[in-house]
$ cat work_11.txt   # compact mmCIF, C-alpha atoms and all ligand atoms
# COMPACT_ATOMS: atom_id res chain seq x y z
CA MET A 152 -20.04 -0.73 -3.49
CA ASN A 153 -18.81 -2.94 -6.28
CA ALA A 154 -16.12 -5.50 -5.52
CA ASN A 155 -14.89 -5.88 -9.11
CA SER A 156 -13.36 -2.45 -9.48
CA PHE A 157 -9.77 -1.98 -10.71
CA VAL A 158 -8.45 0.81 -8.53
CA SER A 159 -4.89 0.12 -7.37
CA ILE A 160 -2.18 -2.19 -8.66
CA TYR A 161 -1.52 -3.08 -5.01
CA ASP A 162 -4.85 -4.94 -4.94
CA VAL A 163 -3.92 -7.15 -7.89
CA SER A 164 -2.45 -10.58 -7.05
CA LYS A 165 0.33 -12.28 -9.00
CA GLU A 166 -2.19 -14.81 -10.34
CA LYS A 167 -4.50 -12.03 -11.50
CA ILE A 168 -1.62 -10.21 -13.21
CA ILE A 169 -0.73 -13.37 -15.17
CA GLU A 170 -4.38 -13.96 -16.02
CA LEU A 171 -4.74 -10.40 -17.34
CA LEU A 172 -1.53 -10.66 -19.38
CA GLU A 173 -2.71 -13.87 -21.01
CA SER A 174 -6.04 -12.25 -21.74
CA ALA A 175 -4.25 -9.21 -23.27
CA LYS A 176 -2.29 -11.58 -25.49
CA ARG A 177 -5.53 -13.11 -26.81
CA PHE A 178 -6.88 -9.63 -27.55
CA GLU A 179 -3.74 -8.77 -29.44
CA GLU A 180 -4.22 -11.88 -31.60
CA ASN A 181 -7.88 -11.06 -32.10
CA PRO A 182 -8.67 -7.45 -31.14
CA ASN A 183 -12.21 -7.17 -32.50
CA GLN A 184 -14.53 -9.22 -30.33
CA ASP A 185 -18.15 -8.29 -29.69
CA LEU A 186 -17.95 -8.98 -25.95
CA LEU A 187 -19.46 -5.64 -24.85
CA HIS A 188 -22.43 -5.82 -27.20
CA GLY A 189 -25.29 -3.79 -25.71
CA LYS A 190 -23.12 -2.42 -22.91
CA ILE A 191 -22.54 1.26 -22.13
CA VAL A 192 -19.22 2.41 -20.74
CA ALA A 193 -18.89 5.86 -19.15
CA THR A 194 -15.49 7.55 -19.48
CA LEU A 195 -15.43 10.29 -16.85
CA PHE A 196 -12.33 12.45 -17.23
CA PHE A 197 -12.40 15.06 -14.48
CA GLU A 198 -8.90 15.91 -15.66
CA PRO A 199 -8.07 15.78 -19.36
CA SER A 200 -5.79 13.03 -20.64
CA THR A 201 -6.30 12.52 -24.33
CA ARG A 202 -3.79 9.67 -24.58
CA THR A 203 -5.37 7.54 -21.86
CA ARG A 204 -8.94 8.33 -22.92
CA LEU A 205 -8.31 7.40 -26.55
CA SER A 206 -6.69 4.14 -25.49
CA PHE A 207 -9.64 3.17 -23.29
CA GLU A 208 -12.23 4.27 -25.84
CA THR A 209 -10.45 2.29 -28.54
CA ALA A 210 -10.54 -0.73 -26.26
CA VAL A 211 -14.29 -0.32 -25.66
CA ASN A 212 -15.01 0.20 -29.36
CA ARG A 213 -13.02 -2.88 -30.37
CA LEU A 214 -15.12 -4.84 -27.90
CA GLY A 215 -18.36 -3.54 -29.47
CA GLY A 216 -19.43 -1.40 -26.50
CA ARG A 217 -20.75 2.14 -26.55
CA VAL A 218 -19.18 5.12 -24.82
CA ILE A 219 -20.73 8.06 -22.98
CA GLY A 220 -18.89 10.59 -20.84
CA PHE A 221 -16.86 13.75 -20.77
CA SER A 222 -13.23 14.57 -21.39
CA ASP A 223 -12.81 17.65 -19.25
CA ALA A 224 -14.38 18.48 -15.89
CA SER A 225 -14.91 22.14 -16.81
CA THR A 226 -17.80 21.03 -19.03
CA THR A 227 -19.56 19.06 -16.32
CA SER A 228 -21.62 19.58 -13.21
CA SER A 229 -18.59 19.02 -10.98
CA SER A 230 -17.48 22.49 -12.02
CA LYS A 231 -20.82 23.68 -10.61
CA GLY A 232 -19.85 22.25 -7.24
CA GLU A 233 -21.49 18.83 -7.49
CA THR A 234 -19.80 16.26 -5.27
CA LEU A 235 -18.01 13.30 -6.78
CA LYS A 236 -20.46 11.13 -4.88
CA ASP A 237 -23.44 12.62 -6.71
CA THR A 238 -21.80 12.38 -10.14
CA ILE A 239 -20.84 8.73 -9.60
CA THR A 240 -24.25 7.81 -8.18
CA MET A 241 -25.97 9.37 -11.18
CA VAL A 242 -23.72 7.80 -13.80
CA SER A 243 -23.84 4.37 -12.19
CA GLY A 244 -27.56 4.48 -12.89
CA TYR A 245 -26.88 4.93 -16.61
CA ALA A 246 -23.89 2.81 -17.53
CA ASP A 247 -22.48 -0.69 -16.99
CA LEU A 248 -18.92 0.43 -16.24
CA ILE A 249 -17.17 3.67 -15.27
CA ILE A 250 -13.65 4.48 -16.41
CA MET A 251 -12.54 7.56 -14.54
CA ARG A 252 -9.61 9.90 -14.28
CA HIS A 253 -9.51 12.45 -11.49
CA TYR A 254 -7.09 15.12 -10.29
CA LEU A 255 -7.47 14.10 -6.62
CA ASP A 256 -5.59 11.22 -4.99
CA GLY A 257 -7.89 8.42 -3.90
CA ALA A 258 -10.86 9.56 -5.99
CA ALA A 259 -11.23 6.19 -7.72
CA ARG A 260 -11.18 4.26 -4.43
CA TYR A 261 -13.89 6.49 -3.05
CA ALA A 262 -15.94 6.17 -6.25
CA SER A 263 -15.67 2.37 -6.04
CA GLU A 264 -17.22 2.51 -2.57
CA ILE A 265 -20.19 4.50 -3.81
CA SER A 266 -20.78 2.97 -7.21
CA SER A 267 -23.05 0.01 -7.89
CA ILE A 268 -21.10 -0.72 -11.10
CA PRO A 269 -17.36 -1.42 -11.47
CA ILE A 270 -14.87 1.45 -11.57
CA ILE A 271 -11.63 1.37 -13.54
CA ASN A 272 -9.08 3.90 -12.34
CA ALA A 273 -7.55 5.73 -15.30
CA GLY A 274 -5.35 7.80 -12.96
CA ASP A 275 -6.11 9.44 -9.62
CA GLY A 276 -3.95 12.51 -9.05
CA SER A 277 -0.37 11.51 -8.32
CA ASN A 278 -1.44 8.23 -6.76
CA GLN A 279 -2.19 5.32 -9.10
CA HIS A 280 -2.51 4.61 -12.79
CA PRO A 281 -2.91 0.84 -12.74
CA SER A 282 -3.79 0.33 -16.42
CA GLN A 283 -0.46 2.00 -17.28
CA THR A 284 1.25 -0.52 -15.03
CA MET A 285 -0.58 -3.38 -16.75
CA LEU A 286 0.52 -2.18 -20.18
CA ASP A 287 4.10 -1.85 -18.91
CA LEU A 288 3.93 -5.39 -17.56
CA TYR A 289 2.41 -6.65 -20.80
CA SER A 290 5.19 -4.98 -22.81
CA ILE A 291 7.81 -6.62 -20.62
CA PHE A 292 6.06 -10.00 -20.72
CA LYS A 293 5.68 -9.85 -24.48
CA THR A 294 9.26 -8.89 -25.25
CA GLN A 295 10.97 -11.07 -22.65
CA GLY A 296 8.59 -14.03 -22.69
CA THR A 297 8.34 -13.87 -18.89
CA LEU A 298 8.19 -11.48 -15.96
CA GLU A 299 10.41 -13.69 -13.78
CA ASN A 300 14.05 -12.98 -12.84
CA LEU A 301 14.54 -9.90 -15.01
CA ASN A 302 17.07 -7.09 -14.65
CA ILE A 303 15.06 -3.87 -14.67
CA CYS A 304 16.91 -0.58 -14.96
CA MET A 305 14.78 2.45 -14.02
CA VAL A 306 16.15 5.81 -15.13
CA GLY A 307 15.36 9.46 -14.46
CA ASP A 308 12.80 10.82 -12.01
CA LEU A 309 12.41 7.97 -9.54
CA LYS A 310 11.17 10.22 -6.77
CA TYR A 311 7.92 11.57 -8.18
CA GLY A 312 7.32 9.14 -11.03
CA ARG A 313 4.26 7.16 -10.02
CA THR A 314 4.67 4.81 -12.98
CA VAL A 315 8.02 3.53 -11.69
CA HIS A 316 6.65 3.06 -8.16
CA SER A 317 3.66 1.05 -9.35
CA LEU A 318 5.84 -0.97 -11.72
CA LEU A 319 8.32 -1.69 -8.92
CA MET A 320 5.56 -2.94 -6.62
CA ALA A 321 4.00 -5.12 -9.32
CA LEU A 322 7.31 -6.61 -10.53
CA SER A 323 8.37 -7.33 -6.94
CA LYS A 324 6.21 -10.46 -7.16
CA PHE A 325 8.48 -11.86 -9.90
CA ASN A 326 11.97 -11.94 -8.36
CA PRO A 327 13.46 -8.95 -10.20
CA THR A 328 16.83 -7.23 -9.93
CA PHE A 329 16.38 -3.46 -9.88
CA ARG A 330 18.91 -0.82 -10.90
CA PHE A 331 17.80 2.67 -9.90
CA VAL A 332 19.56 5.38 -11.92
CA ALA A 333 18.70 8.92 -10.85
CA PRO A 334 20.24 12.24 -9.84
CA GLU A 335 20.60 12.79 -6.10
CA GLU A 336 17.46 14.99 -5.96
CA LEU A 337 15.25 12.43 -7.67
CA LYS A 338 16.36 9.20 -6.03
CA MET A 339 13.97 6.35 -5.30
CA PRO A 340 12.13 7.21 -2.05
CA LEU A 341 13.23 5.39 1.08
CA GLU A 342 9.90 3.58 1.55
CA TYR A 343 10.39 1.64 -1.70
CA LYS A 344 13.93 0.67 -0.76
CA ILE A 345 12.68 -0.54 2.63
CA PHE A 346 10.03 -2.51 0.78
CA CYS A 347 12.76 -4.14 -1.37
CA ASP A 348 14.85 -4.91 1.73
CA ASN A 349 11.90 -6.48 3.50
CA ASN A 350 11.10 -8.62 0.49
CA ASN A 351 14.68 -9.67 -0.30
CA ILE A 352 14.66 -7.90 -3.63
CA ASN A 353 18.06 -7.19 -5.11
CA TYR A 354 18.58 -3.53 -5.99
CA SER A 355 21.31 -0.93 -6.28
CA GLU A 356 21.41 2.83 -6.83
CA HIS A 357 23.49 4.66 -9.40
CA THR A 358 23.91 8.11 -10.84
CA ASP A 359 25.64 6.93 -14.02
CA LEU A 360 23.50 4.94 -16.42
CA MET A 361 26.55 3.47 -18.21
CA GLU A 362 27.48 1.55 -15.05
CA VAL A 363 24.48 -0.75 -15.37
CA ILE A 364 23.02 -0.41 -18.87
CA ASP A 365 24.81 -3.45 -20.31
CA GLU A 366 23.27 -5.94 -17.88
CA ALA A 367 19.68 -4.70 -18.27
CA ASP A 368 16.80 -6.65 -19.80
CA ILE A 369 14.50 -3.63 -19.57
CA LEU A 370 15.50 0.02 -19.61
CA TYR A 371 12.59 2.01 -18.21
CA MET A 372 13.13 5.69 -19.01
CA THR A 373 11.19 8.54 -17.39
CA ARG A 374 11.17 12.28 -17.78
CA VAL A 375 13.43 14.46 -15.64
CA GLN A 376 11.25 17.54 -15.33
CA ARG A 377 12.75 20.94 -14.80
CA GLU A 378 10.02 21.97 -12.36
CA ARG A 379 11.00 19.19 -9.94
CA PHE A 380 14.25 20.97 -9.09
CA ILE A 381 14.51 23.60 -6.38
CA ASP A 382 17.97 24.49 -7.58
CA LEU A 383 17.93 25.08 -11.34
CA MET A 384 21.74 24.93 -11.43
CA GLU A 385 21.38 21.31 -10.34
CA TYR A 386 18.93 20.68 -13.15
CA GLU A 387 21.29 22.12 -15.76
CA LYS A 388 24.04 19.91 -14.37
CA VAL A 389 22.16 16.62 -14.48
CA LYS A 390 19.66 17.00 -17.31
CA ASN A 391 21.95 15.62 -19.98
CA CYS A 392 23.09 12.66 -17.89
CA TYR A 393 19.72 11.03 -18.28
CA ILE A 394 19.30 11.32 -22.02
CA LEU A 395 19.51 8.06 -23.91
CA LYS A 396 21.56 8.16 -27.10
CA ASN A 397 21.71 5.39 -29.68
CA LYS A 398 25.42 4.68 -29.22
CA MET A 399 24.83 4.00 -25.51
CA LEU A 400 22.97 0.85 -26.60
CA ASP A 401 25.98 -0.61 -28.50
CA HIS A 402 27.01 -3.16 -25.89
CA THR A 403 23.66 -3.86 -24.33
CA LYS A 404 21.99 -7.27 -24.26
CA GLU A 405 20.28 -8.63 -27.39
CA ASN A 406 16.94 -8.90 -25.62
CA LEU A 407 17.04 -5.38 -24.13
CA LYS A 408 13.98 -3.23 -24.72
CA VAL A 409 13.71 0.48 -24.01
CA LEU A 410 10.39 1.51 -22.46
CA HIS A 411 9.00 4.95 -21.69
CA PRO A 412 5.49 5.85 -20.49
CA LEU A 413 5.33 8.74 -23.03
CA PRO A 414 5.09 11.55 -23.80
CA ARG A 415 8.83 12.00 -23.97
CA VAL A 416 10.42 15.40 -24.19
CA ASN A 417 14.14 15.00 -24.78
CA GLU A 418 15.12 12.05 -22.60
CA ILE A 419 15.40 9.68 -25.56
CA GLU A 420 17.14 11.04 -28.66
CA SER A 421 15.30 10.45 -31.90
CA ASP A 422 18.16 8.35 -33.32
CA VAL A 423 17.13 5.64 -30.83
CA ASP A 424 13.69 5.34 -32.44
CA SER A 425 14.91 3.20 -35.34
CA ASN A 426 16.91 0.89 -33.08
CA PRO A 427 15.07 -2.45 -32.76
CA LYS A 428 15.60 -2.18 -29.00
CA ALA A 429 13.35 0.90 -28.86
CA TYR A 430 9.94 -0.29 -27.81
CA TYR A 431 8.04 2.77 -26.52
CA PHE A 432 5.71 3.18 -29.48
CA GLN A 433 4.68 -0.50 -29.47
CA GLN A 434 4.35 -0.14 -25.71
CA ALA A 435 1.64 2.49 -26.16
CA ARG A 436 -0.18 0.24 -28.65
CA ASN A 437 -0.10 -2.60 -26.11
CA GLY A 438 -2.16 -0.38 -23.84
CA VAL A 439 -5.32 -1.08 -25.84
CA PHE A 440 -4.97 -4.86 -25.38
CA ALA A 441 -4.13 -4.54 -21.69
CA ARG A 442 -7.19 -2.32 -21.23
CA GLN A 443 -9.43 -4.74 -23.14
CA ALA A 444 -8.31 -7.40 -20.67
CA ILE A 445 -9.02 -5.18 -17.65
CA ILE A 446 -12.46 -4.13 -18.93
CA CYS A 447 -13.56 -7.72 -19.52
CA ASP A 448 -12.19 -8.81 -16.17
CA VAL A 449 -14.10 -6.22 -14.10
CA LEU A 450 -17.30 -7.03 -15.99
CA GLY A 451 -16.79 -10.75 -15.41
CA ILE A 452 -16.63 -11.49 -19.14
CA LYS A 453 -14.46 -14.51 -19.99
CA MET B 240 -4.36 0.20 51.10
CA ASN B 241 -2.93 -1.99 48.31
CA LYS B 242 -2.37 -0.89 44.78
CA LYS B 243 -5.61 -2.28 43.46
CA GLU B 244 -7.60 -0.44 46.08
CA LEU B 245 -5.80 2.79 45.28
CA LEU B 246 -6.83 2.48 41.65
CA VAL B 247 -10.51 2.26 42.40
CA ALA B 248 -10.53 4.26 45.61
CA GLY B 249 -13.67 6.30 45.80
CA LEU B 250 -14.86 5.10 42.42
CA GLN B 251 -17.97 2.99 42.51
CA ASN B 252 -18.64 3.01 38.77
CA GLY B 253 -16.65 4.53 35.97
CA THR B 254 -13.39 4.44 34.05
CA VAL B 255 -9.75 4.65 35.08
CA ILE B 256 -7.12 5.30 32.43
CA ASP B 257 -3.72 4.63 33.94
CA HIS B 258 -0.14 4.68 32.65
CA ILE B 259 -0.67 7.65 30.36
CA PRO B 260 2.72 9.20 29.48
CA SER B 261 2.98 12.45 31.46
CA ASP B 262 3.52 14.57 28.38
CA GLN B 263 0.33 13.21 26.80
CA LEU B 264 -1.97 13.48 29.82
CA PHE B 265 -3.55 16.82 29.05
CA LYS B 266 -3.92 15.91 25.39
CA VAL B 267 -5.92 12.89 26.49
CA VAL B 268 -8.00 15.11 28.78
CA SER B 269 -8.93 17.40 25.92
CA MET B 270 -9.38 14.54 23.46
CA LEU B 271 -11.95 12.94 25.74
CA LYS B 272 -13.56 16.39 26.25
CA LEU B 273 -13.41 15.93 30.00
CA ASP B 274 -13.76 19.68 30.43
CA THR B 275 -17.34 19.38 29.20
CA LEU B 276 -18.34 16.70 31.71
CA SER B 277 -20.00 17.42 35.03
CA ASN B 278 -19.11 13.97 36.47
CA PRO B 279 -16.56 13.82 39.29
CA ILE B 280 -13.11 13.52 37.68
CA THR B 281 -9.72 12.92 39.30
CA ILE B 282 -6.63 13.73 37.27
CA GLY B 283 -3.13 12.94 38.46
CA ASN B 284 0.11 13.66 36.65
CA ASN B 285 3.85 13.24 37.06
CA LEU B 286 3.27 10.26 39.36
CA MET B 287 6.08 7.76 39.81
CA SER B 288 5.81 4.78 37.51
CA LYS B 289 7.80 1.57 37.84
CA LYS B 290 7.67 1.08 34.09
CA SER B 291 8.54 4.42 32.61
CA GLY B 292 9.58 7.44 34.66
CA THR B 293 6.40 9.33 35.39
CA LYS B 294 2.83 8.75 34.38
CA GLY B 295 -0.57 10.30 34.44
CA ILE B 296 -3.91 8.87 35.52
CA ILE B 297 -7.52 9.85 34.89
CA LYS B 298 -10.54 8.63 36.86
CA VAL B 299 -14.02 9.51 35.67
CA THR B 300 -17.09 8.59 37.67
CA ASP B 301 -20.14 7.07 35.96
CA LYS B 302 -18.61 7.27 32.52
CA TYR B 303 -17.71 4.56 30.03
CA PHE B 304 -16.10 5.69 26.81
CA GLU B 305 -17.06 4.61 23.30
CA LYS B 306 -14.65 2.55 21.16
CA ASN B 307 -14.17 5.50 18.84
CA GLU B 308 -13.02 7.69 21.76
CA ILE B 309 -10.67 5.01 23.09
CA ASP B 310 -9.18 4.43 19.61
CA ARG B 311 -8.23 8.10 19.50
CA VAL B 312 -6.50 7.87 22.87
CA ALA B 313 -4.63 4.75 21.67
CA LEU B 314 -3.01 6.88 18.97
CA ILE B 315 -1.29 9.21 21.47
CA ALA B 316 -0.98 6.90 24.51
CA PRO B 317 -0.69 3.41 23.04
CA HIS B 318 0.39 1.69 26.25
CA ALA B 319 -2.09 3.26 28.64
CA LYS B 320 -4.28 0.87 30.68
CA LEU B 321 -8.03 1.13 30.55
CA ASN B 322 -9.99 -0.12 33.58
CA ARG B 323 -13.75 -0.27 33.70
CA ILE B 324 -15.05 -0.18 37.24
CA ALA B 325 -18.46 -1.44 38.33
CA ASN B 326 -19.48 -1.56 41.97
CA TYR B 327 -15.88 -0.96 43.16
CA GLU B 328 -14.61 -3.92 41.10
CA VAL B 329 -12.38 -3.83 38.04
CA VAL B 330 -14.64 -5.59 35.55
CA GLU B 331 -12.43 -5.01 32.53
CA LYS B 332 -8.75 -4.19 32.30
CA LYS B 333 -6.87 -3.85 29.06
CA GLU B 334 -3.89 -2.17 27.51
CA LEU B 335 -4.97 0.24 24.82
CA GLU B 336 -4.25 -1.08 21.38
CA LEU B 337 -4.58 0.51 18.01
CA PRO B 338 -7.30 -1.09 15.93
CA ASP B 339 -6.50 -2.26 12.38
CA GLU B 340 -8.54 0.57 10.95
CA LEU B 341 -9.24 4.16 12.02
CA ILE B 342 -12.49 5.57 10.68
CA ASP B 343 -13.03 9.33 10.84
CA ILE B 344 -10.30 9.82 13.46
CA VAL B 345 -7.20 10.92 11.56
CA LYS B 346 -7.00 13.78 9.08
CA CYS B 347 -5.09 12.96 5.90
CA ALA B 348 -2.04 15.20 5.57
CA ASN B 349 -2.22 15.13 1.78
CA PRO B 350 -4.03 18.30 0.63
CA LYS B 351 -4.82 16.60 -2.69
CA CYS B 352 -6.50 13.64 -1.02
CA ILE B 353 -10.16 13.09 -1.88
CA SER B 354 -10.91 12.65 1.85
CA ASN B 355 -10.08 16.33 2.38
CA LYS B 356 -12.33 17.52 -0.45
CA GLU B 357 -15.52 15.49 -0.25
CA PRO B 358 -17.99 15.34 2.66
CA MET B 359 -16.83 11.86 3.70
CA ALA B 360 -15.21 9.97 6.57
CA SER B 361 -11.45 9.55 6.53
CA ARG B 362 -10.20 5.97 6.66
CA PHE B 363 -6.74 4.79 7.65
CA ASP B 364 -5.21 1.33 7.85
CA VAL B 365 -2.79 0.88 10.74
CA ILE B 366 0.25 -0.66 9.03
CA ASP B 367 2.68 -0.60 11.98
CA LYS B 368 1.17 -0.75 15.46
CA LYS B 369 4.52 -0.63 17.27
CA ASN B 370 5.86 2.52 15.63
CA ILE B 371 2.39 3.93 14.89
CA VAL B 372 2.36 4.23 11.12
CA VAL B 373 -0.99 4.61 9.38
CA LYS B 374 -1.81 4.64 5.68
CA CYS B 375 -4.65 6.51 4.04
CA HIS B 376 -7.11 4.08 2.50
CA TYR B 377 -7.78 6.57 -0.30
CA CYS B 378 -4.56 8.30 -1.39
CA GLU B 379 -2.32 5.46 -0.07
CA LYS B 380 0.10 7.87 1.62
CA ALA B 381 1.64 6.76 4.92
CA LEU B 382 1.66 8.96 8.04
CA HIS B 383 4.14 8.46 10.86
CA LYS B 384 3.34 8.98 14.52
CA ASP B 385 4.57 12.56 14.75
CA ASP B 386 2.77 13.65 11.59
CA ILE B 387 -0.63 12.37 12.63
CA VAL B 388 -3.28 15.06 13.04
CA LEU B 389 -6.62 14.11 14.53
CA LEU B 390 -9.95 15.27 13.17
ZN ZN A 501 -5.34 10.50 1.97
$ encode --input "work_11.txt" --output "structure tokens"
Amino acid sequence: MNANSFVSIYDVSKEKIIELLESAKRFEENPNQDLLHGKIVATLFFEPSTRTRLSFETAVNRLGGRVIGFSDASTTSSSKGETLKDTITMVSGYADLIIMRHYLDGAARYASEISSIPIINAGDGSNQHPSQTMLDLYSIFKTQGTLENLNICMVGDLKYGRTVHSLLMALSKFNPTFRFVAPEELKMPLEYKIFCDNNNINYSEHTDLMEVIDEADILYMTRVQRERFIDLMEYEKVKNCYILKNKMLDHTKENLKVLHPLPRVNEIESDVDSNPKAYYFQQARNGVFARQAIICDVLGIK
Amino acid sequence: MNKKELLVAGLQNGTVIDHIPSDQLFKVVSMLKLDTLSNPITIGNNLMSKKSGTKGIIKVTDKYFEKNEIDRVALIAPHAKLNRIANYEVVEKKELELPDELIDIVKCANPKCISNKEPMASRFDVIDKKNIVVKCHYCEKALHKDDIVLL
């Protein structure tokens, strides 16, 4: 087992979050640093995710490391019935770091208990995607200058969206005010509201975005997916309520930034893209710096 | 015969599990696989209890249970009392308590959890001992008392 793995955002302390954000900032100022010279990083994608893989591999390449791995489990021995344990044991004999994505919940935690080298979780099923959370935090930190005392408005699918749950848990360390905007079917699950209650975190729930948009510092949009609805009539009724249009931003705060984990489908209209408050494309770019920071941290490189 | 004598009556060495809720008694019996033992066993149920309506009691001669077995019982009868008897004396008496961690005892209810797919032990953290809520160490999903299925 390797104690330095980066598996769940719940394991990461407030101090560590700040340390990683400051490190990401230094990588943004100076992205090409030969800190991984001579090191081999394995990217094991048991489930394809081109976006996440490219971001991690860019991070490794900018740090001067080399990459081995696979981008789809159907091309590997796991499709021949090899256990995850055997794959991880084998690869940890080859590489210095494993970055893995897996379709099963908890796969990265289990791998970290087997592996002799650090594991970075690049998404385990519907459970965690902690590097996404770090890039969200970095985007917020960068645009607001702080993570403390912000008004965070989360919009769309708050029930199944793991990115909003992880972001909520991470931001809860920084005295936020949350506004949850979702249709009845996709409301924030009770356990997260109980968590907010227990930790004295101010939150409220809404179905109309216009009620709360003007007080927000961050507007975190997510996709409302058709397949989440049992009743398709309901979907037709609510789908357009959670689409952001440029004119909805008219009276919002100067410092507001619109974030979205991407890919978007139709939940942000393209006329928003040229608004200086739109930040989702820069947000994706920030992912490389956040991942450089995580990689160096798990390898103990200062 | 006083109460203490009743508890150990006829039992020179062994285990008494007392204050088992009546509706859980036979689950405890099967959980401890008492049907496979040849030791003398006394089982009582629907006995009057000062604390909570009726209770069940199990006495097993010449048998001391492992921690792993007792942790399983604690999940379904968290307030039962465990007495270890040696030479007609109660040498240890304790209320069952859930440990902080349950290894290879609970089955994760999440079909997409790695613990259901790999040949590995399940692992749960007990996050609420009073209401019996456990959380999978791997997929991080919580299970409430009534949803807990044992391996
Ligand atoms: Zn699980």
$ residues_near_ligand --input "work_11.txt" --ligand "ligand ZN 501 (chain A)" --cutoff "9 Å" --atoms "all atoms listed in the file" --output "PyMOL selection string"
(chain A and resi 256-257) or (chain B and resi 346-355+361-363+374-381)
$ closest_residue --input "work_11.txt" --among "A:Ala259, A:Val163, A:Val218, A:Met384" --to "chain B" --atoms "all atoms listed in the file"
A:Ala259
$ axis_aligned_box --input "work_11.txt" --around "stretch 252-258 of chain B" --padding-each-side "6 Å" --output "lines of an AutoDock Vina configuration file"
center_x = -9.4
center_y = 4.2
center_z = 35.6
size_x = 30.5
size_y = 14.3
size_z = 18.3
$ interface_residues --input "work_11.txt" --of "chain A" --to "chain B" --cutoff "8 Å" --atoms "all atoms listed in the file" --output "PyMOL selection string"
chain A and resi 234-235+255-258+260-261+276+278
$ write_last_selection --input "work_11.txt" --atoms "C-alpha atoms" --output "PDB file, in the frame of the given file"
ATOM      1  CA  THR A 234     -19.800  16.260  -5.270  1.00  0.00           C
ATOM      2  CA  LEU A 235     -18.010  13.300  -6.780  1.00  0.00           C
ATOM      3  CA  LEU A 255      -7.470  14.100  -6.620  1.00  0.00           C
ATOM      4  CA  ASP A 256      -5.590  11.220  -4.990  1.00  0.00           C
ATOM      5  CA  GLY A 257      -7.890   8.420  -3.900  1.00  0.00           C
ATOM      6  CA  ALA A 258     -10.860   9.560  -5.990  1.00  0.00           C
ATOM      7  CA  ARG A 260     -11.180   4.260  -4.430  1.00  0.00           C
ATOM      8  CA  TYR A 261     -13.890   6.490  -3.050  1.00  0.00           C
ATOM      9  CA  GLY A 276      -3.950  12.510  -9.050  1.00  0.00           C
ATOM     10  CA  ASN A 278      -1.440   8.230  -6.760  1.00  0.00           C
TER      11      ASN A 278
END
$ closest_residue --input "work_11.txt" --among "B:Asn285, B:Asn322, B:Asn278, B:Asn307" --to "B:Thr254" --atoms "only C-alpha atoms"
B:Asn322
$ residues_near_point --input "work_11.txt" --point "(-4.3, 2.4, -12.2)" --cutoff "12 Å" --atoms "all atoms listed in the file" --output "VMD selection string"
chain A and resid 156 to 163 203 250 to 253 256 to 260 270 to 287 313 to 314 316 to 318 321 441 to 442 445
$ residues_around --input "work_11.txt" --residues "A:Leu370" --least-positions-apart "6" --cutoff "7 Å" --atoms "all atoms listed in the file" --output "mmCIF file with C-alpha atoms, in the frame of the given file"
data_model
loop_
_atom_site.group_PDB
_atom_site.id
_atom_site.type_symbol
_atom_site.label_atom_id
_atom_site.label_comp_id
_atom_site.auth_asym_id
_atom_site.auth_seq_id
_atom_site.Cartn_x
_atom_site.Cartn_y
_atom_site.Cartn_z
ATOM 1 C CA ILE A 303 15.060 -3.870 -14.670
ATOM 2 C CA CYS A 304 16.910 -0.580 -14.960
ATOM 3 C CA MET A 305 14.780 2.450 -14.020
ATOM 4 C CA LYS A 408 13.980 -3.230 -24.720
ATOM 5 C CA VAL A 409 13.710 0.480 -24.010
ATOM 6 C CA LEU A 410 10.390 1.510 -22.460
#
$ residues_around --input "work_11.txt" --residues "A:Asp401" --least-positions-apart "2" --cutoff "12 Å" --atoms "all atoms listed in the file" --output "list in words"
Met361, Ile364, Asp365, Leu395, Lys396, Asn397, Lys398, Met399, Thr403, Lys404, Glu405, Leu407, Val423, Asn426, Pro427 and Lys428 of chain A
$ closest_residue --input "work_11.txt" --among "B:Asp385, B:Asp364, B:Asp274, B:Glu328" --to "B:Glu340" --atoms "all atoms listed in the file"
B:Asp364
$ atom_distance --input "work_11.txt" --atom1 "atom CA of B:Ile309" --atom2 "atom CA of B:Val330"
16.8 Å
$ residues_near_point --input "work_11.txt" --point "(-12.1, 12.3, 31.8)" --cutoff "10 Å" --atoms "only C-alpha atoms" --output "list in words"
Gly253, Thr254, Val255, Ile256, Val267, Val268, Ser269, Met270, Leu271, Lys272, Leu273, Asp274, Thr275, Leu276, Ser277, Asn278, Pro279, Ile280, Thr281, Ile282, Ile296, Ile297, Lys298, Val299, Thr300, Lys302, Tyr303 and Phe304 of chain B
$ atom_distance --input "work_11.txt" --atom1 "atom CA of A:Lys293" --atom2 "atom CA of A:Asp359"
28.1 Å
$ closest_residue --input "work_11.txt" --among "A:Arg379, A:Arg217, A:Lys453, A:His357" --to "A:Leu187" --atoms "all atoms listed in the file"
A:Arg217
$ residues_around --input "work_11.txt" --residues "A:Leu309" --least-positions-apart "4" --cutoff "8 Å" --atoms "only C-alpha atoms" --output "ChimeraX atom specification"
/A:305,315-316,331-333,337-340,373
$ write_last_selection --input "work_11.txt" --atoms "C-alpha atoms" --output "compact mmCIF listing (two decimals), in the coordinates of the input"
# COMPACT_ATOMS: atom_id res chain seq x y z
CA MET A 305 14.78 2.45 -14.02
CA VAL A 315 8.02 3.53 -11.69
CA HIS A 316 6.65 3.06 -8.16
CA PHE A 331 17.80 2.67 -9.90
CA VAL A 332 19.56 5.38 -11.92
CA ALA A 333 18.70 8.92 -10.85
CA LEU A 337 15.25 12.43 -7.67
CA LYS A 338 16.36 9.20 -6.03
CA MET A 339 13.97 6.35 -5.30
CA PRO A 340 12.13 7.21 -2.05
CA THR A 373 11.19 8.54 -17.39
